[in-house]
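*Asks:* Pasting a structure below so you can have a look.
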Amino acid sequence: MVGLQWGDEGKGKIVDYLAGGFDAVARFNGGSNAGHTVVIGDSKHTFHLVPSGALKGKQLLIGAGVAVDPAVLAEELSLLPGEARERLLVDGRCSLVTPVDKEFDVKVEEARGESAIGTTRRGIGPSYAVRALRLSPRVSDLVAGFDFRALTRFYEELSLDTSGIGPWAAEASELLRGVAGDVAQRVTDVTGAGGSVLFEASQGTLLDLLHGSYPYVTATHTTSSYIPAALGISPRLAGEPLGVMKCYSTRVGAGPFPTEIGGPQAESLRGLGKEYGATTGRPRRVGWLDIVALRYAVRLNGVEEVAVTKLDVLSQVKDVKVCTAYKLQGSEITDFQRASGRLDEVEPVFESPFSLHGADFGAGLPPGGKQFVGYVEEQLGVTVKVVSHGEERSRTIEL
Ligand code: IMP
Ligand code: MG
């Protein structure tokens with residue numbers, strides 16, 4: 001399951017909803033920059049590292065592509081029933097996020113000045129960068145007793161404060177010793193025995209390090225093709241991707257956003273959709289659905305089936321628009337790739353192809369919802385399998 005926009009598509013809810021049909025849920029990318037929200041009745045859970053299947057009693061797997069911040073993991077486990085730890089397996093090959101990486105993240109942002117990316121400041125970029133420099137401990141190295149001298153010297157060259165590393169390492173290895181193992185083997189075993197694993201992406205396609213709106217992207221890959229590479233499994237086990245898309249767009253942090261809206265209309269949409277970062281609390285930038293960007297995301301992920309989220313929000317908005325093309329210096333562009341690099345110059349071409357205002361989801365998908373689904377299916381060449389119309393688990397329609 002992958003996000004087709006800039007993250008915050010509602011993946012957490014969809015994973016929780018679908019997890020019942022699987023034996024395990026595996027996160028494969030990103031780190032605690034993610035914020036996946038699951039609402040059951042009056043209680044709300046936000047997951048940053050633990051897979052969103054946690055509340056369905058499933059095996060919880062954190063694959064090698066994830067950057068693990070042990071402090072966040074400990075905190076998250078403390079909020080779950082004690083047995084959740086018994087279900088958790090963290091791959092020994094995962095990179096770690098040290099407290100120094102978080103300070104490093106802030107310093108890099110400061111150095112960028114006006115071109116700051118607006119990272120979540122969770123140390124994700126530095127953690128993957130130090131991994132690429134081959135200086136960082138993996139989970140298995142930390143548990144075995146890692147020699148931090150080279151890493152500490154490197155951090156000190158950059159005038160970063162390394163005084164916290166010793167105590168951090170002691171606590172982290174204590175926590176990880178009990179949960180570290182071989183997720184690649186586990187996935188292979190579960191599927192080999194006829195079981196199934198739901199692979200859960202964090203962030204969204206347009207934040208992919210290689211194929212997103214670089215440099216305003218995250219520090220890892222976010223697309224379906226990364227699933228086997230990140231987990232260390234055969235591509236044959238990755239299965240069919242499900243794309244999750246919200247019925248309008250949001251973006252947190254800096255970077256081009258062709259369909260962005262401002263003023264009172266944005267305030268209203270942000271309020272109705274509760275568009276505030278689950279990790280940072282930042283107000284999300286909001287805009288209309290962008291078919292040009294979505295077509296690109298569908299192609300990149302090989303998605304044939306999608307889940308649409310937050311349709312109830314559009315039932316409360318008048319004059320909903322959809323972007324079907326970009327205008328750049330008089331010519332019309334419908335290929336996202338052609339506009340990349342100049343995304344901050346394009347003018348969106350809007351249409352209003354459906355009307356959901358006042359739609360009521362009490363008795364299944366209302367006529368406006370059907371119009372929306374038909375429109376998305378035709379424009380993107382996909383089948384809509386799931387419609388979410390509220391944050392609560394039960395507000396979900398399977399088609
Ligand atoms: P980083 O991943 O913290 O380095 O942040 C890089 C960019 O990705 C920033 O624009 C963040 O706001 C964005 N980002 C990272 N994780 C998420 C997420 O889970 N949802 C939405 N945006 C994210
Ligand atoms: Mg989120």
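If you're wondering about the labels, chains in the structure tokens are A, B, ... by order shown, residues count from 1 in each chain, ligands from 1 in order shown.
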Contacts of Ser32 in chain A at 9 Å or less, counting only C-alpha atoms, minus same-chain residues fewer than 5 places along, as a list in words?
*Replies:*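 The filter keeps Phe47, His48, Leu49, Ala67, Val68, Asp69, Val72, Leu73, Thr120, Arg122, Gly123, Ile124 and Thr279 of chain A.
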*Asks:* Give one line per residue of range 170-201 of chain A that approaches range 235-250 of chain A to at most 9 Å, naming the two atoms of the closest pair and their distance in Å to one decimal, counting only C-alpha atoms; sort by chain then ascending residue number and deliver it as a tab-separated table.
*Replies:*
residue	atom	partner	partner_atom	distance
A:Val187	CA	A:Leu237	CA	8.7
A:Thr188	CA	A:Leu237	CA	7.9
A:Thr191	CA	A:Leu237	CA	7.6
A:Val197	CA	A:Ala238	CA	8.9
A:Phe199	CA	A:Ala238	CA	7.9
*Asks:* Which residues of chain A come within 7 Å of ligand 2, and for each one, what is the closest pair of atoms and their distance in Å to one decimal, counting only C-alpha atoms and all ligand atoms, sorted by chain and residue number, as a Markdown table?
*Replies:*
| residue | atom | partner | partner_atom_place_in_ligand_line | distance |
| --- | --- | --- | --- | --- |
| A:Gly7 | CA | ligand 2 | 1 (Mg) | 5.9 |
| A:Asp8 | CA | ligand 2 | 1 (Mg) | 4.0 |
| A:Ala34 | CA | ligand 2 | 1 (Mg) | 5.3 |
| A:Gly35 | CA | ligand 2 | 1 (Mg) | 4.0 |
| A:His36 | CA | ligand 2 | 1 (Mg) | 5.1 |
| A:Gln203 | CA | ligand 2 | 1 (Mg) | 6.9 |
| A:Gly277 | CA | ligand 2 | 1 (Mg) | 6.5 |
| A:Ala278 | CA | ligand 2 | 1 (Mg) | 5.6 |
*Asks:* Produce a file of the selected residues containing all heavy atoms, as a compact mmCIF listing (two decimals), in the first residue's frame.
*Replies:*
# COMPACT_ATOMS: atom_id res chain seq x y z
N GLY A 7 1.99 12.41 0.71
CA GLY A 7 1.84 11.88 2.06
C GLY A 7 0.51 12.34 2.64
O GLY A 7 -0.23 13.12 2.02
N ASP A 8 0.17 11.79 3.81
CA ASP A 8 -1.07 12.16 4.50
C ASP A 8 -2.31 11.88 3.66
O ASP A 8 -3.29 12.61 3.72
CB ASP A 8 -1.02 13.64 4.94
CG ASP A 8 0.22 13.90 5.77
OD1 ASP A 8 0.48 13.10 6.67
OD2 ASP A 8 0.93 14.88 5.49
N ALA A 34 6.98 9.85 9.63
CA ALA A 34 5.62 9.47 9.29
C ALA A 34 4.69 9.66 10.47
O ALA A 34 5.11 9.59 11.62
CB ALA A 34 5.59 7.99 8.87
N GLY A 35 3.43 9.90 10.17
CA GLY A 35 2.42 9.96 11.22
C GLY A 35 1.16 9.31 10.67
O GLY A 35 0.48 9.88 9.85
N HIS A 36 0.89 8.09 11.09
CA HIS A 36 -0.26 7.35 10.56
C HIS A 36 -1.33 7.26 11.64
O HIS A 36 -1.09 6.71 12.71
CB HIS A 36 0.18 5.95 10.11
CG HIS A 36 1.13 6.00 8.94
ND1 HIS A 36 1.80 4.90 8.48
CD2 HIS A 36 1.49 7.02 8.13
CE1 HIS A 36 2.55 5.25 7.43
NE2 HIS A 36 2.37 6.53 7.22
N GLN A 203 4.98 8.26 3.85
CA GLN A 203 5.07 9.38 2.89
C GLN A 203 4.33 9.05 1.59
O GLN A 203 3.55 8.12 1.54
CB GLN A 203 6.53 9.77 2.59
CG GLN A 203 7.26 10.41 3.78
CD GLN A 203 7.82 9.39 4.75
OE1 GLN A 203 8.38 8.39 4.36
NE2 GLN A 203 7.69 9.64 6.04
N GLY A 277 -0.32 18.46 10.69
CA GLY A 277 0.62 17.34 10.68
C GLY A 277 0.48 16.45 11.91
O GLY A 277 0.45 16.94 13.03
N ALA A 278 0.41 15.12 11.67
CA ALA A 278 0.28 14.17 12.77
C ALA A 278 1.61 14.03 13.53
O ALA A 278 1.64 13.60 14.67
CB ALA A 278 -0.17 12.81 12.25
*Asks:* Find the residues around range 301-317 of chain A up to 7 Å (only C-alpha atoms counted), leave out those fewer than 6 positions away in its own chain, and share them as a list in words.
*Replies:*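 Contacts, with the query itself left out: Glu9, Gly10, Thr223, Ser224, Ser225, Pro241, Leu242, Gly243, Val244, Met245, Lys246, Cys247, Leu272, Gly273, Leu356, His357, Gly358, Ala359, Val382, Thr383, Val384, Lys385, Val386, Val387, Ser388, His389 and Gly390 of chain A.
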*Asks:* From the set A:Asp319, A:Asp91, A:Glu76, A:Glu109, which residue has the shortest atom-to-atom contact distance to ligand 1, counting only C-alpha atoms and all ligand atoms?
*Replies:*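 Residue with the minimum atom-to-atom distance to ligand 1: A:Glu109.
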*Asks:* Where in range 150-398 of chain A does DSSP assign alpha helix (DSSP H), given as a PyMOL selection string?
*Replies:* chain A and resi 150-157+165-177+183-192+226-231+263-272+291-301+311-314+336-339+367-380
*Asks:* Could you save the residues just selected, with C-alpha atoms, as a tab-separated table (two decimals), in the first residue's frame?
*Replies:*
chain	number	residue	atom	x	y	z
A	150	ALA	CA	34.63	6.88	13.82
A	151	LEU	CA	31.05	8.13	13.82
A	152	THR	CA	31.73	10.37	16.83
A	153	ARG	CA	34.84	11.84	15.17
A	154	PHE	CA	32.79	12.57	12.04
A	155	TYR	CA	29.98	14.25	13.97
A	156	GLU	CA	32.56	16.28	15.91
A	157	GLU	CA	34.14	17.50	12.66
A	165	ILE	CA	25.53	9.03	22.33
A	166	GLY	CA	26.81	6.74	25.10
A	167	PRO	CA	23.65	6.74	27.24
A	168	TRP	CA	21.48	6.67	24.11
A	169	ALA	CA	23.28	3.59	22.78
A	170	ALA	CA	22.93	1.76	26.09
A	171	GLU	CA	19.18	2.37	26.27
A	172	ALA	CA	18.59	1.69	22.58
A	173	SER	CA	20.43	-1.63	22.55
A	174	GLU	CA	18.50	-2.74	25.64
A	175	LEU	CA	15.21	-2.06	23.82
A	176	LEU	CA	16.25	-3.47	20.45
A	177	ARG	CA	17.88	-6.66	21.78
A	183	VAL	CA	12.26	-9.52	8.75
A	184	ALA	CA	13.20	-10.62	5.22
A	185	GLN	CA	13.21	-14.24	6.36
A	186	ARG	CA	9.98	-13.77	8.32
A	187	VAL	CA	8.14	-12.36	5.30
A	188	THR	CA	9.44	-15.20	3.16
A	189	ASP	CA	8.34	-17.75	5.79
A	190	VAL	CA	4.88	-16.26	6.27
A	191	THR	CA	4.16	-16.12	2.56
A	192	GLY	CA	5.79	-19.52	1.99
A	226	TYR	CA	10.97	-0.16	-3.47
A	227	ILE	CA	9.05	-2.75	-1.42
A	228	PRO	CA	11.16	-5.83	-2.25
A	229	ALA	CA	14.45	-3.90	-2.27
A	230	ALA	CA	13.76	-2.32	1.10
A	231	LEU	CA	12.61	-5.52	2.75
A	263	GLY	CA	-7.15	32.54	1.83
A	264	PRO	CA	-10.42	31.70	3.54
A	265	GLN	CA	-11.12	28.79	1.19
A	266	ALA	CA	-7.89	27.11	2.31
A	267	GLU	CA	-8.66	27.84	5.97
A	268	SER	CA	-12.03	26.23	5.58
A	269	LEU	CA	-10.75	23.10	3.80
A	270	ARG	CA	-7.92	22.73	6.34
A	271	GLY	CA	-10.42	22.93	9.18
A	272	LEU	CA	-12.91	20.50	7.66
A	291	ILE	CA	-5.08	14.55	-11.88
A	292	VAL	CA	-1.80	15.33	-13.69
A	293	ALA	CA	0.28	14.44	-10.64
A	294	LEU	CA	-1.91	11.44	-9.80
A	295	ARG	CA	-1.56	9.95	-13.28
A	296	TYR	CA	2.20	10.11	-12.83
A	297	ALA	CA	1.95	8.44	-9.42
A	298	VAL	CA	-0.33	5.70	-10.80
A	299	ARG	CA	2.15	5.00	-13.58
A	300	LEU	CA	5.18	5.01	-11.30
A	301	ASN	CA	3.62	2.57	-8.85
A	311	LEU	CA	-14.81	11.97	0.67
A	312	ASP	CA	-16.99	13.30	3.51
A	313	VAL	CA	-14.86	16.46	3.52
A	314	LEU	CA	-15.84	17.33	-0.06
A	336	PHE	CA	3.73	15.59	-14.92
A	337	GLN	CA	7.24	14.56	-15.88
A	338	ARG	CA	7.36	17.23	-18.59
A	339	ALA	CA	6.48	19.91	-16.05
A	367	PRO	CA	-24.86	9.69	-6.10
A	368	GLY	CA	-22.19	12.43	-5.84
A	369	GLY	CA	-19.76	9.83	-4.46
A	370	LYS	CA	-20.51	7.54	-7.38
A	371	GLN	CA	-19.84	10.42	-9.76
A	372	PHE	CA	-16.51	11.03	-8.04
A	373	VAL	CA	-15.53	7.38	-8.20
A	374	GLY	CA	-16.49	7.15	-11.89
A	375	TYR	CA	-14.50	10.27	-12.68
A	376	VAL	CA	-11.36	9.06	-10.90
A	377	GLU	CA	-11.59	5.63	-12.51
A	378	GLU	CA	-11.89	7.13	-15.97
A	379	GLN	CA	-9.20	9.77	-15.53
A	380	LEU	CA	-6.64	7.51	-13.89
*Asks:* So how far away is CA of Gly3 in chain A from CA of Glu392 in chain A, in Å?
*Replies:*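 One can read the CA of Glu392 in chain A to CA of Gly3 in chain A distance as 19.4 Å.
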